[in-house]
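Encoded as structure tokens, the structure appears first; notes follow it.
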Amino acid sequence: MKKPQLCMLAALISGAVLLPSAYAADVSLGLGAAGSTSVYRGVDNDVYPLPVLNYESENFYFRGLGGGYYLWNDGANRLSLTAYYLPLGFKPGDSDDLRMKQLDKRRGTLMAGAAYRHIADWGEIRTVLAGDTLDYSNGFAWDTAYLYRFSMGDLSITPGIGATWFSENMNQYYYGVSAQESARSGFNQYSPGDGWAPYLELSAGYQINQSWSAWAVGRYTRLSDEMKDSPIVDSNHSILMSAGVSYRF
């Protein structure tokens with residue numbers, strides 16, 4: 001099982017589908033099935049079960065892999081201090097490419113920073129800027145997106161478009177090839193710069209009754225040139241998809 005992709009889907013589902021409430025204390029549990037593609041060379045795609053846990057109140061929230069404290073929350077504007085686990089990473093043993101097995105392990109990390117959401121009749125803007133607190137990469141990530149929810153009775157559909165920026169240090173850690181790795185593996189040494197990875201996402205939710213709901217969510221990401229030009233990457237995109245049910249207490 002590719003845990004990093006599972007965790008990324010949990011964060012996407014919790015943020016996009018399960019918690020529409022602005023103020024009421026809300027606890028949701030969900031279970032579904034997820035599928036993902038890997039960008040690393042020789043690592044197989046996978047399908048696996050996906051649990052999701054969320055909590056939201058006027059002052060605090062927890063969604064999937066992260067949480068935060070609201071500095072400003074008036075319904076239309078939500079500014080928070082946030083911390084979350086960034087589930088990127090690579091285990092050499094997961095690849096069937098012998099050269100990839102000679103690389104160093106890339107680890108997920110704890111990110112911390114600020115998040116802002118603005119919700120209006122014309123849609124929603126969300127943005128998160130955070131840095132690596134565990135000093136694996138000493139890098140930064142900035143995600144920003146626009147979403148618009150279509151509501152049709154108990155059914156809601158929310159398309160979105162966005163992009164994620166990785167700093168040079170972040171790309172170097174996850175997609176670069178050091179001189180030592182090059183000597184061991186035979187890959188050319190590679191030192192990427194910073195870059196933007198645009199994405200499209202789509203989420204749908206159906207309210208079965210007061211407590212139960214069904215959801216489906218997916219994201220297509222086009223890798224930045226700095227990512228896809230890496231010799232340890234064999235794709236120019238990634239796809240995440242999942243569907244399941246949730247129960248709100």
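Just remember, in the structure tokens the first chain shown is A, the second B, etc., residues are 1-based per chain, and ligands are 1-based in the order shown.
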Apply DSSP to the backbone of this structure and, from stretch 38-228 of chain A, keep only the residues in strand (DSSP E); write these as a PyMOL selection string.
chain A and resi 46-56+60-63+66-73+77-86+109-120+123-132+140-147+150-152+155-166+195-207+212-222
Residues near A:Ile239, cut-off 12 Å, only C-alpha atoms, skip fewer than 3 positions along chain, as a PyMOL selection string
chain A and resi 5-6+8-9+34-39+45-46+199-202+217-223+235-236+242
Within 6 Å of stretch 203-216 of chain A using only C-alpha atoms, minus same-chain residues under 6 positions, as a PDB file with C-alpha atoms, in the first residue's frame:
```
ATOM      1  CA  ASP A 154     -29.210  16.692  -1.643  1.00  0.00           C
ATOM      2  CA  LEU A 155     -26.517  16.552  -4.333  1.00  0.00           C
ATOM      3  CA  SER A 156     -23.544  18.923  -4.472  1.00  0.00           C
ATOM      4  CA  ILE A 157     -20.785  19.038  -7.095  1.00  0.00           C
ATOM      5  CA  THR A 158     -17.660  21.166  -6.598  1.00  0.00           C
ATOM      6  CA  SER A 242     -11.734   7.945  -4.122  1.00  0.00           C
ATOM      7  CA  ALA A 243     -15.367   7.260  -3.198  1.00  0.00           C
ATOM      8  CA  GLY A 244     -17.110   6.221  -0.017  1.00  0.00           C
ATOM      9  CA  VAL A 245     -19.581   7.070   2.742  1.00  0.00           C
ATOM     10  CA  SER A 246     -19.371   9.148   5.924  1.00  0.00           C
ATOM     11  CA  TYR A 247     -21.318   9.469   9.157  1.00  0.00           C
ATOM     12  CA  ARG A 248     -21.750  12.775  10.991  1.00  0.00           C
TER      13      ARG A 248
END
```
What lies within 7 Å of A:Arg117 using only C-alpha atoms, ignoring chain neighbours under 2 positions off, as a short mmCIF file (atom, residue, chain, number, x, y, z; two decimals) with C-alpha atoms, in the first residue's frame?
```cif
data_model
loop_
_atom_site.label_atom_id
_atom_site.label_comp_id
_atom_site.auth_asym_id
_atom_site.auth_seq_id
_atom_site.Cartn_x
_atom_site.Cartn_y
_atom_site.Cartn_z
CA ASN A 77 -13.35 34.60 5.75
CA ARG A 78 -11.34 31.95 7.57
CA LEU A 79 -7.72 32.72 8.45
CA ALA A 115 -4.17 29.11 5.63
CA ILE A 119 -16.27 31.95 0.60
CA GLU A 124 -14.31 29.95 -2.89
CA ILE A 125 -10.65 30.92 -2.80
CA ARG A 126 -8.32 28.85 -0.64
CA THR A 127 -4.60 29.26 -0.11
#
```
Go through A:Gly195, A:Pro231, A:Gly162, A:Pro92 one by one, measure the shortest atom-to-atom distance of each to A:Asp104 using only C-alpha atoms, and give the residue with the smallest value.
A:Pro92
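Closest approach to A:Asp96 among A:Tyr55, A:Tyr40, A:Tyr175, A:Tyr61 is made by A:Tyr40 (distances from only C-alpha atoms).
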